[in-house]
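J.: Sharing model_39.cif below, mmCIF, C-alpha atoms and all ligand atoms:
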data_protein
#
loop_
_atom_site.group_PDB
_atom_site.id
_atom_site.type_symbol
_atom_site.label_atom_id
_atom_site.label_comp_id
_atom_site.auth_asym_id
_atom_site.auth_seq_id
_atom_site.Cartn_x
_atom_site.Cartn_y
_atom_site.Cartn_z
ATOM 1 C CA MET J 1 7.026 -19.007 -17.935
ATOM 2 C CA PHE J 2 8.151 -17.387 -14.708
ATOM 3 C CA PHE J 3 9.484 -13.865 -14.499
ATOM 4 C CA ASN J 4 11.548 -12.881 -11.530
ATOM 5 C CA ASP J 5 11.270 -9.112 -11.249
ATOM 6 C CA ARG J 6 15.011 -8.707 -10.676
ATOM 7 C CA HIS J 7 15.789 -10.539 -13.921
ATOM 8 C CA GLU J 8 13.386 -8.258 -15.762
ATOM 9 C CA LYS J 9 15.038 -5.116 -14.454
ATOM 10 C CA HIS J 10 16.558 -4.140 -17.766
ATOM 11 C CA VAL J 11 13.479 -4.761 -19.851
ATOM 12 C CA ASP J 12 12.411 -1.757 -21.914
ATOM 13 C CA THR J 13 9.147 -0.996 -20.127
ATOM 14 C CA GLN J 14 7.986 1.284 -22.944
ATOM 15 C CA SER J 15 7.604 -1.800 -25.087
ATOM 16 C CA ILE J 16 5.812 -3.845 -22.413
ATOM 17 C CA GLU J 17 2.228 -4.594 -23.262
ATOM 18 C CA LEU J 18 0.323 -5.242 -20.060
ATOM 19 C CA ASP J 19 -2.828 -7.321 -20.210
ATOM 20 C CA SER J 20 -5.440 -4.670 -19.440
ATOM 21 C CA GLU J 21 -7.845 -7.394 -18.287
ATOM 22 C CA ARG J 22 -5.452 -8.502 -15.546
ATOM 23 C CA ILE J 23 -4.352 -5.268 -13.923
ATOM 24 C CA PRO J 24 -4.236 -5.924 -10.142
ATOM 25 C CA LYS J 25 -7.282 -4.279 -8.603
ATOM 26 C CA HIS J 26 -5.558 -3.538 -5.301
ATOM 27 C CA ILE J 27 -1.832 -2.775 -5.102
ATOM 28 C CA ALA J 28 -0.198 -2.300 -1.706
ATOM 29 C CA ILE J 29 3.292 -0.828 -1.415
ATOM 30 C CA ILE J 30 5.845 -0.834 1.407
ATOM 31 C CA MET J 31 7.752 2.314 0.457
ATOM 32 C CA ASP J 32 11.183 1.444 1.855
ATOM 33 C CA GLY J 33 14.644 2.936 1.420
ATOM 34 C CA ASN J 34 14.106 6.695 1.709
ATOM 35 C CA GLY J 35 16.907 6.929 4.286
ATOM 36 C CA ARG J 36 19.360 4.792 2.307
ATOM 37 C CA TRP J 37 18.655 6.777 -0.857
ATOM 38 C CA ALA J 38 19.340 10.052 0.987
ATOM 39 C CA LYS J 39 22.562 8.685 2.489
ATOM 40 C CA LYS J 40 23.771 7.652 -0.972
ATOM 41 C CA GLN J 41 23.321 11.283 -2.092
ATOM 42 C CA ASN J 42 24.928 12.665 1.086
ATOM 43 C CA LEU J 43 21.617 14.213 2.071
ATOM 44 C CA PRO J 44 19.809 14.107 5.421
ATOM 45 C CA ARG J 45 17.288 11.244 5.830
ATOM 46 C CA VAL J 46 14.348 13.639 5.668
ATOM 47 C CA SER J 47 15.329 14.606 2.100
ATOM 48 C CA GLY J 48 14.617 10.989 1.207
ATOM 49 C CA HIS J 49 11.125 11.311 2.676
ATOM 50 C CA GLN J 50 10.597 14.597 0.830
ATOM 51 C CA ARG J 51 11.636 12.996 -2.474
ATOM 52 C CA GLY J 52 9.508 9.953 -1.544
ATOM 53 C CA MET J 53 6.482 12.222 -1.248
ATOM 54 C CA GLU J 54 6.993 13.468 -4.810
ATOM 55 C CA VAL J 55 7.255 9.866 -6.004
ATOM 56 C CA VAL J 56 3.914 9.113 -4.319
ATOM 57 C CA LYS J 57 2.329 11.733 -6.614
ATOM 58 C CA ASP J 58 3.764 10.145 -9.783
ATOM 59 C CA ILE J 59 2.848 6.607 -8.757
ATOM 60 C CA THR J 60 -0.662 7.602 -7.706
ATOM 61 C CA LYS J 61 -1.345 9.054 -11.155
ATOM 62 C CA ALA J 62 0.315 6.131 -12.943
ATOM 63 C CA ALA J 63 -1.674 3.537 -10.973
ATOM 64 C CA SER J 64 -4.914 5.395 -11.592
ATOM 65 C CA ASP J 65 -4.146 5.632 -15.334
ATOM 66 C CA LEU J 66 -3.491 1.879 -15.453
ATOM 67 C CA GLY J 67 -6.926 1.176 -13.971
ATOM 68 C CA VAL J 68 -5.889 0.143 -10.453
ATOM 69 C CA LYS J 69 -8.875 0.414 -8.076
ATOM 70 C CA VAL J 70 -7.088 0.690 -4.712
ATOM 71 C CA LEU J 71 -3.521 1.823 -4.019
ATOM 72 C CA THR J 72 -2.525 1.313 -0.383
ATOM 73 C CA LEU J 73 0.702 2.990 0.730
ATOM 74 C CA TYR J 74 2.468 2.236 4.022
ATOM 75 C CA ALA J 75 3.366 5.786 5.052
ATOM 76 C CA PHE J 76 3.868 5.365 8.837
ATOM 77 C CA SER J 77 3.789 2.232 10.959
ATOM 78 C CA THR J 78 2.915 1.884 14.637
ATOM 79 C CA GLU J 79 6.640 1.056 15.088
ATOM 80 C CA ASN J 80 7.899 4.235 13.362
ATOM 81 C CA TRP J 81 7.394 6.297 16.568
ATOM 82 C CA LYS J 82 10.755 4.816 17.707
ATOM 83 C CA ARG J 83 12.591 7.066 15.208
ATOM 84 C CA PRO J 84 14.246 10.336 16.337
ATOM 85 C CA ASP J 85 11.734 13.085 17.203
ATOM 86 C CA THR J 86 12.915 15.313 14.357
ATOM 87 C CA GLU J 87 12.286 12.579 11.771
ATOM 88 C CA VAL J 88 8.874 11.706 13.250
ATOM 89 C CA GLY J 89 8.001 15.426 13.268
ATOM 90 C CA PHE J 90 8.950 15.704 9.595
ATOM 91 C CA LEU J 91 6.933 12.604 8.648
ATOM 92 C CA MET J 92 3.902 14.009 10.484
ATOM 93 C CA LYS J 93 4.102 17.198 8.396
ATOM 94 C CA LEU J 94 4.189 15.278 5.096
ATOM 95 C CA PRO J 95 0.448 14.542 4.768
ATOM 96 C CA GLY J 96 -0.284 18.304 5.087
ATOM 97 C CA ARG J 97 2.348 19.189 2.475
ATOM 98 C CA PHE J 98 1.230 16.387 0.201
ATOM 99 C CA PHE J 99 -2.461 17.237 0.246
ATOM 100 C CA ASP J 100 -1.889 21.023 0.104
ATOM 101 C CA THR J 101 -0.178 20.574 -3.251
ATOM 102 C CA PHE J 102 -1.881 17.483 -4.643
ATOM 103 C CA VAL J 103 -5.622 17.597 -3.865
ATOM 104 C CA PRO J 104 -6.428 19.465 -7.141
ATOM 105 C CA ASP J 105 -4.696 16.652 -9.078
ATOM 106 C CA LEU J 106 -6.555 14.038 -7.032
ATOM 107 C CA ILE J 107 -9.839 15.711 -7.889
ATOM 108 C CA ALA J 108 -8.883 16.093 -11.574
ATOM 109 C CA ASN J 109 -8.124 12.357 -11.665
ATOM 110 C CA ASN J 110 -11.297 11.363 -9.743
ATOM 111 C CA ILE J 111 -9.185 9.793 -6.957
ATOM 112 C CA ARG J 112 -10.621 9.387 -3.458
ATOM 113 C CA VAL J 113 -8.478 9.503 -0.317
ATOM 114 C CA ASN J 114 -8.952 6.946 2.447
ATOM 115 C CA VAL J 115 -6.866 6.251 5.536
ATOM 116 C CA ILE J 116 -6.329 3.153 7.666
ATOM 117 C CA GLY J 117 -4.553 3.263 11.023
ATOM 118 C CA TYR J 118 -4.893 4.802 14.467
ATOM 119 C CA ILE J 119 -5.498 8.333 13.222
ATOM 120 C CA ASP J 120 -6.667 9.672 16.586
ATOM 121 C CA GLN J 121 -3.106 9.182 17.943
ATOM 122 C CA LEU J 122 -1.563 11.459 15.293
ATOM 123 C CA PRO J 123 -0.790 15.144 15.975
ATOM 124 C CA LYS J 124 -3.881 17.321 15.537
ATOM 125 C CA HIS J 125 -2.457 19.124 12.464
ATOM 126 C CA THR J 126 -1.876 15.767 10.726
ATOM 127 C CA GLN J 127 -5.397 14.590 11.545
ATOM 128 C CA LYS J 128 -6.789 17.852 10.212
ATOM 129 C CA ALA J 129 -4.871 17.576 6.918
ATOM 130 C CA VAL J 130 -5.951 13.974 6.413
ATOM 131 C CA ASN J 131 -9.607 14.564 7.281
ATOM 132 C CA LYS J 132 -9.768 17.601 5.007
ATOM 133 C CA ALA J 133 -8.414 15.585 2.043
ATOM 134 C CA ILE J 134 -10.875 12.763 2.764
ATOM 135 C CA GLU J 135 -13.748 15.310 2.706
ATOM 136 C CA GLN J 136 -12.482 17.126 -0.408
ATOM 137 C CA THR J 137 -12.267 13.881 -2.396
ATOM 138 C CA ALA J 138 -15.267 12.078 -0.889
ATOM 139 C CA ASN J 139 -17.352 12.263 -4.066
ATOM 140 C CA ASN J 140 -14.657 10.896 -6.360
ATOM 141 C CA THR J 141 -15.504 7.520 -7.829
ATOM 142 C CA GLY J 142 -12.199 6.398 -9.356
ATOM 143 C CA MET J 143 -9.173 4.872 -7.644
ATOM 144 C CA VAL J 144 -8.951 4.931 -3.853
ATOM 145 C CA LEU J 145 -5.613 6.257 -2.580
ATOM 146 C CA ASN J 146 -5.455 4.512 0.766
ATOM 147 C CA PHE J 147 -2.776 5.693 3.206
ATOM 148 C CA ALA J 148 -1.737 3.431 6.058
ATOM 149 C CA LEU J 149 -0.827 5.964 8.734
ATOM 150 C CA ASN J 150 0.085 4.855 12.253
ATOM 151 C CA TYR J 151 -0.955 1.425 11.035
ATOM 152 C CA GLY J 152 0.097 -2.009 12.309
ATOM 153 C CA GLY J 153 -1.298 -5.330 11.124
ATOM 154 C CA ARG J 154 -1.209 -7.078 14.505
ATOM 155 C CA ALA J 155 -2.796 -4.086 16.256
ATOM 156 C CA GLU J 156 -5.524 -4.072 13.589
ATOM 157 C CA ILE J 157 -6.259 -7.753 14.212
ATOM 158 C CA VAL J 158 -6.304 -7.190 18.001
ATOM 159 C CA SER J 159 -8.784 -4.287 17.584
ATOM 160 C CA GLY J 160 -10.932 -6.404 15.281
ATOM 161 C CA VAL J 161 -10.973 -9.312 17.726
ATOM 162 C CA GLN J 162 -11.939 -6.910 20.547
ATOM 163 C CA GLN J 163 -14.850 -5.555 18.480
ATOM 164 C CA ILE J 164 -16.079 -9.083 17.792
ATOM 165 C CA ALA J 165 -15.725 -10.080 21.491
ATOM 166 C CA GLN J 166 -17.809 -7.037 22.490
ATOM 167 C CA ARG J 167 -20.552 -8.100 20.094
ATOM 168 C CA VAL J 168 -20.534 -11.624 21.546
ATOM 169 C CA LEU J 169 -20.674 -10.165 25.062
ATOM 170 C CA LYS J 170 -23.707 -8.052 24.130
ATOM 171 C CA GLY J 171 -25.382 -11.155 22.732
ATOM 172 C CA GLU J 172 -25.538 -9.724 19.184
ATOM 173 C CA ILE J 173 -23.677 -12.743 17.778
ATOM 174 C CA LYS J 174 -22.687 -16.220 18.959
ATOM 175 C CA PRO J 175 -19.071 -17.485 18.872
ATOM 176 C CA GLU J 176 -20.050 -19.909 16.095
ATOM 177 C CA ASP J 177 -21.179 -16.924 13.956
ATOM 178 C CA ILE J 178 -17.545 -15.797 13.723
ATOM 179 C CA ASP J 179 -16.328 -16.555 10.219
ATOM 180 C CA GLU J 180 -13.882 -15.060 7.714
ATOM 181 C CA HIS J 181 -16.488 -12.604 6.468
ATOM 182 C CA LEU J 182 -17.059 -11.241 9.974
ATOM 183 C CA VAL J 183 -13.308 -10.890 10.559
ATOM 184 C CA ASP J 184 -13.038 -9.083 7.179
ATOM 185 C CA GLN J 185 -15.751 -6.720 8.352
ATOM 186 C CA SER J 186 -13.769 -6.005 11.528
ATOM 187 C CA MET J 187 -10.612 -4.954 9.668
ATOM 188 C CA MET J 188 -9.789 -1.324 8.857
ATOM 189 C CA THR J 189 -10.121 -2.120 5.147
ATOM 190 C CA SER J 190 -13.775 -3.160 5.486
ATOM 191 C CA SER J 191 -15.127 -0.096 3.677
ATOM 192 C CA LEU J 192 -13.058 -0.788 0.552
ATOM 193 C CA GLU J 193 -14.671 -2.567 -2.369
ATOM 194 C CA TYR J 194 -11.383 -4.407 -2.991
ATOM 195 C CA ALA J 195 -10.050 -4.907 0.527
ATOM 196 C CA ASP J 196 -7.384 -7.531 -0.197
ATOM 197 C CA PRO J 197 -4.264 -6.595 -2.195
ATOM 198 C CA ASP J 198 -3.654 -8.664 -5.321
ATOM 199 C CA LEU J 199 -0.086 -7.396 -5.535
ATOM 200 C CA LEU J 200 2.205 -6.371 -2.687
ATOM 201 C CA ILE J 201 5.376 -4.487 -3.618
ATOM 202 C CA ARG J 202 8.296 -3.714 -1.321
ATOM 203 C CA THR J 203 11.118 -1.497 -2.499
ATOM 204 C CA SER J 204 14.757 -1.330 -1.475
ATOM 205 C CA GLY J 205 15.620 -5.028 -1.600
ATOM 206 C CA GLU J 206 14.119 -6.005 1.767
ATOM 207 C CA GLU J 207 11.896 -9.074 1.748
ATOM 208 C CA ARG J 208 9.769 -8.659 4.867
ATOM 209 C CA LEU J 209 6.148 -7.810 5.531
ATOM 210 C CA SER J 210 6.898 -5.546 8.538
ATOM 211 C CA ASN J 211 3.444 -5.917 10.056
ATOM 212 C CA PHE J 212 1.626 -4.668 6.918
ATOM 213 C CA LEU J 213 -1.903 -5.890 6.099
ATOM 214 C CA LEU J 214 -1.291 -9.301 7.698
ATOM 215 C CA TRP J 215 -4.879 -10.507 7.321
ATOM 216 C CA GLN J 216 -5.447 -9.034 3.858
ATOM 217 C CA VAL J 217 -2.362 -10.362 2.007
ATOM 218 C CA ALA J 218 -3.346 -14.040 2.375
ATOM 219 C CA TYR J 219 -3.431 -14.541 -1.420
ATOM 220 C CA ALA J 220 -1.414 -11.554 -2.630
ATOM 221 C CA GLU J 221 1.511 -11.926 -5.020
ATOM 222 C CA PHE J 222 4.670 -10.428 -3.478
ATOM 223 C CA VAL J 223 7.137 -8.583 -5.701
ATOM 224 C CA PHE J 224 10.353 -7.203 -4.228
ATOM 225 C CA VAL J 225 12.362 -4.628 -6.161
ATOM 226 C CA ASP J 226 15.890 -3.353 -5.542
ATOM 227 C CA GLU J 227 15.110 0.318 -6.230
ATOM 228 C CA HIS J 228 14.786 2.571 -3.183
ATOM 229 C CA TRP J 229 11.382 4.273 -2.969
ATOM 230 C CA PRO J 230 12.725 7.667 -4.206
ATOM 231 C CA GLU J 231 13.923 5.815 -7.343
ATOM 232 C CA PHE J 232 10.595 4.093 -7.975
ATOM 233 C CA THR J 233 9.034 5.242 -11.260
ATOM 234 C CA PRO J 234 5.901 4.483 -13.291
ATOM 235 C CA ALA J 235 8.157 2.245 -15.455
ATOM 236 C CA VAL J 236 9.150 0.202 -12.380
ATOM 237 C CA LEU J 237 5.481 -0.037 -11.401
ATOM 238 C CA LYS J 238 4.716 -1.364 -14.867
ATOM 239 C CA ARG J 239 7.536 -3.903 -14.512
ATOM 240 C CA THR J 240 6.121 -5.194 -11.208
ATOM 241 C CA ILE J 241 2.699 -5.583 -12.832
ATOM 242 C CA MET J 242 4.329 -7.511 -15.647
ATOM 243 C CA THR J 243 5.888 -9.830 -13.040
ATOM 244 C CA TYR J 244 2.462 -10.179 -11.402
ATOM 245 C CA GLN J 245 0.821 -11.019 -14.725
ATOM 246 C CA SER J 246 3.439 -13.668 -15.432
ATOM 247 C CA ARG J 247 2.479 -15.589 -12.309
ATOM 248 C CA HIS J 248 -0.431 -17.952 -11.892
ATOM 249 C CA ARG J 249 -2.889 -17.272 -9.111
ATOM 250 C CA ARG J 250 -4.818 -20.357 -8.167
ATOM 251 C CA PHE J 251 -6.057 -19.445 -4.656
ATOM 252 C CA GLY J 252 -5.205 -22.947 -3.461
ATOM 253 C CA GLY J 253 -7.127 -24.609 -6.284
ATOM 254 C CA LEU J 254 -5.919 -26.025 -9.601
ATOM 255 C CA ALA J 255 -5.297 -24.070 -12.784
ATOM 256 C CA GLU J 256 -8.335 -24.049 -15.071
ATOM 257 C CA ASN J 257 -6.256 -25.262 -17.989
ATOM 258 C CA LYS J 258 -4.163 -28.292 -17.026
ATOM 259 C CA SER J 259 -1.420 -27.383 -19.490
ATOM 260 C CA ASP J 260 -1.013 -24.151 -17.486
ATOM 261 C CA GLN J 261 -0.006 -26.031 -14.351
ATOM 262 C CA LYS J 262 3.593 -26.072 -13.209
HETATM 263 C C1 LIG A 301 10.728 3.973 4.742
HETATM 264 O O1 LIG A 301 12.024 4.369 4.415
HETATM 265 C C2 LIG A 301 9.812 5.077 4.602
HETATM 266 C C3 LIG A 301 9.032 5.604 5.597
HETATM 267 C C4 LIG A 301 9.006 5.097 6.964
HETATM 268 C C5 LIG A 301 8.172 6.764 5.337
HETATM 269 C C6 LIG A 301 7.363 6.674 4.072
HETATM 270 C C7 LIG A 301 6.939 8.020 3.681
HETATM 271 C C8 LIG A 301 6.987 8.490 2.420
HETATM 272 C C9 LIG A 301 7.423 7.700 1.246
HETATM 273 C C10 LIG A 301 6.561 9.874 2.139
HETATM 274 C C11 LIG A 301 5.169 9.944 1.580
HETATM 275 C C12 LIG A 301 4.189 10.234 2.611
HETATM 276 C C13 LIG A 301 3.028 10.862 2.373
HETATM 277 C C14 LIG A 301 2.082 11.057 3.485
HETATM 278 C C15 LIG A 301 2.671 11.393 1.047
HETATM 279 P P1 LIG A 301 13.122 4.344 5.558
HETATM 280 O O2 LIG A 301 13.179 5.688 6.181
HETATM 281 O O3 LIG A 301 12.831 3.229 6.501
HETATM 282 O O4 LIG A 301 14.404 4.064 4.720
HETATM 283 P P2 LIG A 301 15.678 3.243 5.201
HETATM 284 O O5 LIG A 301 15.231 1.839 5.472
HETATM 285 O O6 LIG A 301 16.596 3.338 4.026
HETATM 286 O O7 LIG A 301 16.208 3.932 6.418
#
Once you've parsed the file, please lay out its structure as structure tokens.
T.:
Amino acid sequence: MFFNDRHEKHVDTQSIELDSERIPKHIAIIMDGNGRWAKKQNLPRVSGHQRGMEVVKDITKAASDLGVKVLTLYAFSTENWKRPDTEVGFLMKLPGRFFDTFVPDLIANNIRVNVIGYIDQLPKHTQKAVNKAIEQTANNTGMVLNFALNYGGRAEIVSGVQQIAQRVLKGEIKPEDIDEHLVDQSMMTSSLEYADPDLLIRTSGEERLSNFLLWQVAYAEFVFVDEHWPEFTPAVLKRTIMTYQSRHRRFGGLAENKSDQK
């Protein structure tokens, strides 16, 4: 059986029984469509981001309750600096607003904050807010809420390759020592127990990767949903996991049970 998420849109998610043994360990989300949602409501674009921030709170709790181990959210890409200054300024204030209101909930839910991206290039107040939340939640042992902030997949790979080249230059390793494990270790996700997403979701009907986790999504299942990010709900999350569970992941091999093969 093959479920296309769009065909499952009208399924009553309350009645969906997810297989608790096959909850994706790492879910990565491209939170798209804040601007389009705002336009539809005749609101300024930044209202979409504000609403999007509230949705992040709901989805963080829902993912943690479902037993997800890592939730990576694409909050600001290295390309997003091209937006008008007022919008960039607003987006840079969001981490502060988010953590000011949500850290107690993160602690209550045993959720740890992590960040990937070029943090040192963010405004000082944003860096401060992010670093404070990382410190405040450092001892939590449950889900990791991993924000991609000023992140770009190609830039990450370039930085990783530079690190490896430096090590070769210093004589610490030989070119033939470079393998997938070493490249993994040179990515910004290297500290995560589950570095590679099992499920990648993009909202708002776009079907692009937009420079997100290029190395890490090699075997991820991609699910695209029509809802704009401000319309994304725990029920939609559940629906995407149902789509994920309906697919077969073989990692290039064959299905264990031949009758399972398509
Ligand atoms: C994409 O929508 C969204 C972004 C670039 C920003 C994502 C930020 C949030 C969801 C807020 C949460 C952030 C934190 C730190 C809690 P878009 O503006 O590209 O929408 P459009 O394609 O419709 O214009």
J.: Within 10 Å of ligand LIG 301 (chain A), counting all atoms listed in the file: which residues, as a tab-separated table (two decimals) with C-alpha atoms, in the frame of the given file?
T.:
chain	number	residue	atom	x	y	z
J	29	ILE	CA	3.29	-0.83	-1.42
J	30	ILE	CA	5.84	-0.83	1.41
J	31	MET	CA	7.75	2.31	0.46
J	32	ASP	CA	11.18	1.44	1.86
J	33	GLY	CA	14.64	2.94	1.42
J	34	ASN	CA	14.11	6.70	1.71
J	35	GLY	CA	16.91	6.93	4.29
J	36	ARG	CA	19.36	4.79	2.31
J	37	TRP	CA	18.66	6.78	-0.86
J	38	ALA	CA	19.34	10.05	0.99
J	39	LYS	CA	22.56	8.68	2.49
J	40	LYS	CA	23.77	7.65	-0.97
J	45	ARG	CA	17.29	11.24	5.83
J	46	VAL	CA	14.35	13.64	5.67
J	47	SER	CA	15.33	14.61	2.10
J	48	GLY	CA	14.62	10.99	1.21
J	49	HIS	CA	11.12	11.31	2.68
J	50	GLN	CA	10.60	14.60	0.83
J	51	ARG	CA	11.64	13.00	-2.47
J	52	GLY	CA	9.51	9.95	-1.54
J	53	MET	CA	6.48	12.22	-1.25
J	54	GLU	CA	6.99	13.47	-4.81
J	55	VAL	CA	7.26	9.87	-6.00
J	56	VAL	CA	3.91	9.11	-4.32
J	57	LYS	CA	2.33	11.73	-6.61
J	73	LEU	CA	0.70	2.99	0.73
J	74	TYR	CA	2.47	2.24	4.02
J	75	ALA	CA	3.37	5.79	5.05
J	76	PHE	CA	3.87	5.36	8.84
J	77	SER	CA	3.79	2.23	10.96
J	79	GLU	CA	6.64	1.06	15.09
J	80	ASN	CA	7.90	4.24	13.36
J	81	TRP	CA	7.39	6.30	16.57
J	83	ARG	CA	12.59	7.07	15.21
J	87	GLU	CA	12.29	12.58	11.77
J	88	VAL	CA	8.87	11.71	13.25
J	90	PHE	CA	8.95	15.70	9.60
J	91	LEU	CA	6.93	12.60	8.65
J	92	MET	CA	3.90	14.01	10.48
J	93	LYS	CA	4.10	17.20	8.40
J	94	LEU	CA	4.19	15.28	5.10
J	95	PRO	CA	0.45	14.54	4.77
J	96	GLY	CA	-0.28	18.30	5.09
J	97	ARG	CA	2.35	19.19	2.48
J	98	PHE	CA	1.23	16.39	0.20
J	99	PHE	CA	-2.46	17.24	0.25
J	102	PHE	CA	-1.88	17.48	-4.64
J	126	THR	CA	-1.88	15.77	10.73
J	130	VAL	CA	-5.95	13.97	6.41
J	147	PHE	CA	-2.78	5.69	3.21
J	148	ALA	CA	-1.74	3.43	6.06
J	149	LEU	CA	-0.83	5.96	8.73
J	203	THR	CA	11.12	-1.50	-2.50
J	204	SER	CA	14.76	-1.33	-1.48
J	205	GLY	CA	15.62	-5.03	-1.60
J	206	GLU	CA	14.12	-6.00	1.77
J	228	HIS	CA	14.79	2.57	-3.18
J	229	TRP	CA	11.38	4.27	-2.97
J	230	PRO	CA	12.72	7.67	-4.21
J.: Using all atoms listed in the file, I'd like a table of the residues in range 213-256 of chain J that come within 10 Å of range 192-202 of chain J; for each, show the closest atom pair and its distance in Å rounded to one decimal, ordered by chain and ascending number, as a Markdown table.
T.:
| residue | atom | partner | partner_atom | distance |
| --- | --- | --- | --- | --- |
| J:Leu213 | CA | J:Asp196 | CA | 8.5 |
| J:Trp215 | CA | J:Asp196 | CA | 8.5 |
| J:Gln216 | CA | J:Asp196 | CA | 4.7 |
| J:Val217 | CA | J:Pro197 | CA | 6.0 |
| J:Ala218 | CA | J:Asp196 | CA | 8.1 |
| J:Tyr219 | CA | J:Asp198 | CA | 7.1 |
| J:Ala220 | CA | J:Asp198 | CA | 4.5 |
| J:Glu221 | CA | J:Leu199 | CA | 4.8 |
| J:Phe222 | CA | J:Leu200 | CA | 4.8 |
| J:Val223 | CA | J:Ile201 | CA | 4.9 |
| J:Phe224 | CA | J:Arg202 | CA | 5.0 |
| J:Val225 | CA | J:Arg202 | CA | 6.4 |
| J:Asp226 | CA | J:Arg202 | CA | 8.7 |
| J:Glu227 | CA | J:Arg202 | CA | 9.3 |
| J:His228 | CA | J:Arg202 | CA | 9.2 |
| J:Trp229 | CA | J:Arg202 | CA | 8.7 |
| J:Leu237 | CA | J:Ile201 | CA | 9.0 |
| J:Thr240 | CA | J:Ile201 | CA | 7.7 |
| J:Ile241 | CA | J:Leu199 | CA | 8.0 |
| J:Thr243 | CA | J:Leu199 | CA | 9.9 |
| J:Tyr244 | CA | J:Leu199 | CA | 7.0 |
| J:Gln245 | CA | J:Leu199 | CA | 9.9 |
| J:Arg249 | CA | J:Asp198 | CA | 9.4 |
J.: Env of range 132-143 of chain J: 9 Å cut, atoms = only C-alpha atoms, seq-sep filter 5 positions within chain, self excluded. Answer as a list in words.
T.: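 Here the qualifying residues turn out to be Thr60, Ala63, Ser64, Gly67, Val68, Lys69, Val70, Leu71, Phe99, Asp100, Val103, Leu106, Ile107, Asn109, Asn110, Ile111, Arg112, Val113, Asn114, Val115 and Gln127 of chain J.
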J.: I'd like the interatomic distance between CA of Glu17 in chain J and CA of Arg247 in chain J, to a tenth of an Å.
T.: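 CA of Arg247 in chain J lies 15.5 Å from CA of Glu17 in chain J.
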J.: What is the CA of Glu176 in chain J-CA of Asn211 in chain J distance in Å, reported with one decimal?
T.: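 Separation of CA of Glu176 in chain J and CA of Asn211 in chain J: 28.0 Å.
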J.: Quick one: residues within 10 Å of (5.9, -1.0, -14.4) (file frame), counting all atoms listed in the file, please, as number ranges by chain.
T.: J: 12-14, 16, 18, 59, 62-63, 66, 232-243
J.: Per residue of range 57-163 of chain J within 9 Å of range 185-190 of chain J, note the shortest atom pair and the distance in Å to one decimal, counting all atoms listed in the file, and order the rows by chain and increasing residue number, as a tab-separated table.
T.:
residue	atom	partner	partner_atom	distance
J:Val115	CA	J:Met188	CA	8.8
J:Ile116	CA	J:Met188	CA	5.8
J:Gly117	CA	J:Met188	CA	7.3
J:Glu156	CA	J:Met187	CA	6.5
J:Ile157	CA	J:Met187	CA	6.9
J:Ser159	CA	J:Ser186	CA	8.0
J:Gly160	CA	J:Ser186	CA	4.7
J:Val161	CA	J:Ser186	CA	7.6
J:Gln163	CA	J:Ser186	CA	7.0
